[in-house]
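Raw contents of work.txt, compact mmCIF, C-alpha atoms and all ligand atoms:
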# COMPACT_ATOMS: atom_id res chain seq x y z
CA MET S 1 -21.95 -11.15 12.79
CA PHE S 2 -23.75 -14.45 13.21
CA LEU S 3 -24.47 -16.40 10.04
CA ASP S 4 -27.65 -18.27 10.86
CA ILE S 5 -28.34 -21.39 8.79
CA HIS S 6 -32.10 -20.68 8.88
CA GLU S 7 -31.50 -17.34 7.23
CA LEU S 8 -29.01 -18.90 4.80
CA GLN S 9 -31.67 -21.46 3.81
CA LYS S 10 -33.73 -18.54 2.49
CA HIS S 11 -31.01 -16.52 0.80
CA PRO S 12 -27.24 -15.99 0.67
CA ILE S 13 -25.87 -13.30 2.96
CA ILE S 14 -23.68 -10.56 1.52
CA LEU S 15 -20.57 -9.90 3.59
CA ASP S 16 -19.34 -6.33 3.58
CA ILE S 17 -18.06 -5.55 7.03
CA LYS S 18 -15.15 -3.94 8.82
CA PHE S 19 -13.91 -5.13 12.18
CA PRO S 20 -11.94 -2.43 13.99
CA SER S 21 -8.61 -3.19 15.63
CA GLY S 22 -8.97 -4.35 19.21
CA LYS S 23 -11.99 -6.50 18.46
CA PHE S 24 -10.02 -9.74 18.24
CA ASP S 25 -7.49 -11.28 20.56
CA TYR S 26 -4.80 -12.88 18.41
CA GLY S 27 -2.47 -13.77 21.29
CA GLU S 28 1.34 -13.81 21.54
CA GLY S 29 2.00 -10.14 20.89
CA ILE S 30 0.16 -10.19 17.55
CA SER S 31 -1.98 -7.12 16.95
CA GLN S 32 -4.31 -5.78 14.31
CA THR S 33 -3.23 -2.25 13.43
CA GLY S 34 -6.11 -1.28 11.12
CA ASP S 35 -9.61 -2.32 10.17
CA LEU S 36 -10.12 -5.91 9.10
CA ALA S 37 -12.22 -5.51 5.95
CA VAL S 38 -14.23 -8.49 4.73
CA LYS S 39 -16.12 -8.60 1.44
CA GLY S 40 -17.85 -11.66 0.09
CA ILE S 41 -20.83 -13.93 0.34
CA ALA S 42 -22.07 -16.64 2.68
CA GLU S 43 -24.29 -19.38 1.27
CA LEU S 44 -25.54 -22.80 2.18
CA HIS S 45 -24.42 -25.94 0.33
CA VAL S 46 -26.75 -28.67 1.59
CA ASP S 47 -25.90 -28.27 5.27
CA ALA S 48 -22.44 -26.76 4.89
CA ILE S 49 -21.83 -23.03 5.12
CA ARG S 50 -19.61 -21.71 2.35
CA LEU S 51 -17.79 -18.41 2.80
CA ARG S 52 -16.26 -16.83 -0.28
CA GLY S 53 -14.62 -13.48 -0.57
CA SER S 54 -11.56 -11.53 0.39
CA LEU S 55 -10.12 -10.06 3.53
CA LYS S 56 -7.73 -7.21 3.96
CA VAL S 57 -5.99 -6.13 7.13
CA GLU S 58 -2.70 -4.82 8.45
CA MET S 59 -1.27 -6.92 11.24
CA ALA S 60 1.80 -6.44 13.39
CA ALA S 61 3.91 -8.99 15.22
CA PRO S 62 7.29 -8.87 16.96
CA CYS S 63 10.21 -10.01 14.81
CA ALA S 64 11.37 -13.44 15.99
CA ARG S 65 15.02 -12.28 15.92
CA CYS S 66 15.12 -8.63 16.97
CA LEU S 67 11.67 -8.29 18.63
CA GLU S 68 10.94 -5.12 16.63
CA LEU S 69 7.21 -4.75 15.96
CA THR S 70 6.85 -5.52 12.26
CA PRO S 71 3.87 -4.88 9.97
CA PHE S 72 2.35 -7.81 8.10
CA PRO S 73 -0.24 -6.69 5.56
CA ILE S 74 -2.71 -9.38 4.55
CA ASP S 75 -4.80 -9.11 1.40
CA GLN S 76 -6.18 -12.41 0.23
CA ALA S 77 -9.12 -14.34 -1.09
CA PHE S 78 -10.82 -17.15 0.84
CA ASP S 79 -13.17 -19.99 -0.06
CA LEU S 80 -14.13 -21.91 3.05
CA PHE S 81 -16.55 -24.67 3.91
CA TYR S 82 -17.95 -25.28 7.38
CA SER S 83 -19.83 -28.49 8.10
CA PRO S 84 -22.15 -29.00 11.05
CA ILE S 85 -20.18 -30.60 13.88
CA SER S 86 -22.95 -33.19 14.47
CA THR S 87 -22.28 -34.79 11.07
CA ILE S 88 -18.72 -35.47 12.09
CA ALA S 89 -19.66 -36.90 15.47
CA ARG S 90 -21.85 -39.48 13.73
CA GLU S 91 -19.23 -40.37 11.16
CA GLU S 92 -16.29 -40.21 13.47
CA GLU S 93 -14.44 -43.02 11.73
CA VAL S 94 -14.85 -41.56 8.27
CA GLU S 95 -11.80 -39.80 7.05
CA ILE S 96 -12.54 -36.52 5.37
CA GLN S 97 -10.93 -36.39 1.94
CA THR S 98 -11.18 -32.90 0.59
CA PRO S 99 -7.72 -31.99 -0.68
CA ASP S 100 -8.69 -28.74 -2.39
CA LEU S 101 -11.10 -27.43 0.17
CA GLU S 102 -10.51 -25.84 3.48
CA VAL S 103 -13.00 -27.33 5.87
CA GLY S 104 -14.08 -26.21 9.28
CA PHE S 105 -17.03 -26.91 11.50
CA TYR S 106 -19.88 -25.03 13.04
CA HIS S 107 -21.92 -25.78 16.12
CA GLY S 108 -25.68 -25.48 16.40
CA ASP S 109 -27.48 -22.93 14.24
CA GLY S 110 -24.61 -21.32 12.44
CA LEU S 111 -21.25 -19.71 12.38
CA GLN S 112 -19.80 -16.59 13.89
CA LEU S 113 -18.10 -14.75 11.02
CA GLU S 114 -15.64 -13.21 13.47
CA ASP S 115 -14.30 -16.64 14.48
CA ALA S 116 -13.77 -17.68 10.86
CA MET S 117 -12.01 -14.44 9.92
CA ARG S 118 -9.78 -14.41 12.99
CA GLU S 119 -8.67 -17.94 12.12
CA GLN S 120 -7.95 -16.94 8.51
CA VAL S 121 -5.80 -14.03 9.64
CA LEU S 122 -3.79 -16.26 11.99
CA LEU S 123 -3.29 -18.84 9.23
CA SER S 124 -2.04 -16.11 6.89
CA LEU S 125 0.68 -14.90 9.21
CA PRO S 126 4.14 -16.39 8.66
CA MET S 127 5.09 -19.22 11.02
CA LYS S 128 8.18 -17.33 12.04
CA SER S 129 7.72 -13.62 11.68
CA ILE S 130 10.92 -11.77 10.84
CA CYS S 131 11.18 -8.07 9.98
CA ARG S 132 13.40 -8.76 6.97
CA ILE S 133 15.33 -11.70 5.51
CA ASP S 134 18.70 -10.39 6.68
CA CYS S 135 17.61 -9.29 10.16
CA ALA S 136 20.73 -9.38 12.32
CA GLY S 137 18.79 -9.96 15.54
CA LEU S 138 19.86 -9.08 19.05
CA CYS S 139 23.43 -9.31 20.31
CA PRO S 140 23.62 -12.38 22.58
CA GLN S 141 26.07 -10.53 24.84
CA CYS S 142 24.64 -7.06 25.36
CA GLY S 143 21.15 -7.42 23.90
CA GLN S 144 21.43 -4.51 21.47
CA ASN S 145 19.46 -4.65 18.22
CA ARG S 146 22.25 -5.26 15.72
CA ASN S 147 20.13 -3.85 12.86
CA ALA S 148 20.66 -0.46 14.49
CA GLY S 149 24.44 -0.79 14.29
CA ASP S 150 27.42 -2.65 15.62
CA CYS S 151 27.37 -2.78 19.41
CA GLY S 152 31.12 -3.33 19.60
CA CYS S 153 30.97 -6.69 21.34
CA HIS S 154 33.57 -9.18 20.24
CA PRO S 155 32.62 -12.78 19.58
CA MET S 156 33.55 -14.91 22.57
CA LYS S 157 36.45 -17.31 22.07
CA VAL S 158 34.66 -20.24 23.70
CA ASP S 159 31.27 -21.13 22.31
CA GLN S 160 29.04 -20.87 25.38
CA ARG S 161 27.10 -23.97 24.43
CA TRP S 162 30.17 -26.06 25.25
CA SER S 163 31.17 -24.37 28.47
CA PRO S 164 29.50 -26.97 30.75
CA LEU S 165 31.86 -29.53 29.18
CA GLU S 166 34.94 -27.55 30.14
CA LYS S 167 35.19 -29.12 33.57
CA PHE S 168 35.40 -32.60 32.06
CA ARG S 169 38.52 -31.71 30.16
CA SER S 170 41.89 -32.50 31.71
ZN ZN N 201 14.19 -8.33 13.05
ZN ZN N 202 26.70 -6.50 21.92
As structure tokens, please, write out the structure in this file.
Ligand SMILES: [Zn+2]
Ligand SMILES: [Zn+2]
Amino acid sequence: MFLDIHELQKHPIILDIKFPSGKFDYGEGISQTGDLAVKGIAELHVDAIRLRGSLKVEMAAPCARCLELTPFPIDQAFDLFYSPISTIAREEEVEIQTPDLEVGFYHGDGLQLEDAMREQVLLSLPMKSICRIDCAGLCPQCGQNRNAGDCGCHPMKVDQRWSPLEKFRS
């Protein structure tokens, strides 16, 4: 859905749209497991596009410790401003001071809603996705998921990180 500034100059655009899973490429094993539902409004503030509303989606990403695919539901409000990129090019040296606003940019005649929403979803995901706080991860020796049970491996006597130093000992 393209939000055209010429249309926004005439009237705000109501956002009520669902993007099915598979529409976006989130990269790095991250997937969208249900519809991404967006509700809100797009309006023009001088020459900036303001998007306000909420998005709801169920995402899934591999746990950083055990690699198990883990659901990450996202349900949040957004209030975003997008300035024309040309303004910035002219005022390159000017530092943008907008502590309470999230600011992005748009090129040319408007903004692709899909791009803005995909970015919001990625920003909402945890930096390090883990399936649960106490995830035991994979066994470094046999590779078994230790959440599923004890694999029976015994901790090695020598910490492997130091083994290259062994030969320097006399
Ligand atoms: Zn895990
Ligand atoms: Zn093991």
Handout entry: Using all atoms listed in the file: which of S:Cys153, S:Ala60, S:Leu67, S:Met117 has the shortest distance to Gly34 of chain S
Key =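 Looking only at the distances to Gly34 of chain S, the closest residue turns out to be S:Ala60.
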Could you give me, as a JSON list (two decimals) with C-alpha atoms, in the coordinates of the input, the residues within 10 Å of Phe81 of chain S, counting only C-alpha atoms and dropping anything in the same chain fewer than 3 positions from it?
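Once written, part-v9.json looks like this:
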[["chain", "number", "residue", "atom", "x", "y", "z"],
["S", 42, "ALA", "CA", -22.07, -16.64, 2.68],
["S", 43, "GLU", "CA", -24.29, -19.38, 1.27],
["S", 44, "LEU", "CA", -25.54, -22.80, 2.18],
["S", 45, "HIS", "CA", -24.42, -25.94, 0.33],
["S", 48, "ALA", "CA", -22.44, -26.76, 4.89],
["S", 49, "ILE", "CA", -21.83, -23.03, 5.12],
["S", 50, "ARG", "CA", -19.61, -21.71, 2.35],
["S", 51, "LEU", "CA", -17.79, -18.41, 2.80],
["S", 52, "ARG", "CA", -16.26, -16.83, -0.28],
["S", 78, "PHE", "CA", -10.82, -17.15, 0.84],
["S", 101, "LEU", "CA", -11.10, -27.43, 0.17],
["S", 102, "GLU", "CA", -10.51, -25.84, 3.48],
["S", 103, "VAL", "CA", -13.00, -27.33, 5.87],
["S", 104, "GLY", "CA", -14.08, -26.21, 9.28],
["S", 105, "PHE", "CA", -17.03, -26.91, 11.50],
["S", 106, "TYR", "CA", -19.88, -25.03, 13.04]]
Exercise for the section: Counting only C-alpha atoms, note down every residue that has an atom within 12 Å of the point (-14.8, -17.4, 16.0) (file coordinates), as a list in words. Expected result: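 Output: Met1, Phe2, Leu3, Lys23, Phe24, Asp25, Tyr26, Gly104, Phe105, Tyr106, His107, Gly110, Leu111, Gln112, Leu113, Glu114, Asp115, Ala116, Met117, Arg118, Glu119, Gln120, Val121 and Leu122 of chain S.
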Exercise for the section: In Å, rounded to a single decimal, give me how far atom CA of Ala64 of chain S is from atom CA of Cys135 of chain S. Expected result: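 A separation of 9.5 Å between them.
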Exercise for the section: Could you report the residues within 10 Å of ligand ZN 202 (chain N), using all atoms listed in the file, as JSON, numbers by chain? Expected result: {"S": [138, 139, 140, 141, 142, 143, 144, 145, 146, 149, 150, 151, 152, 153, 154, 155]}
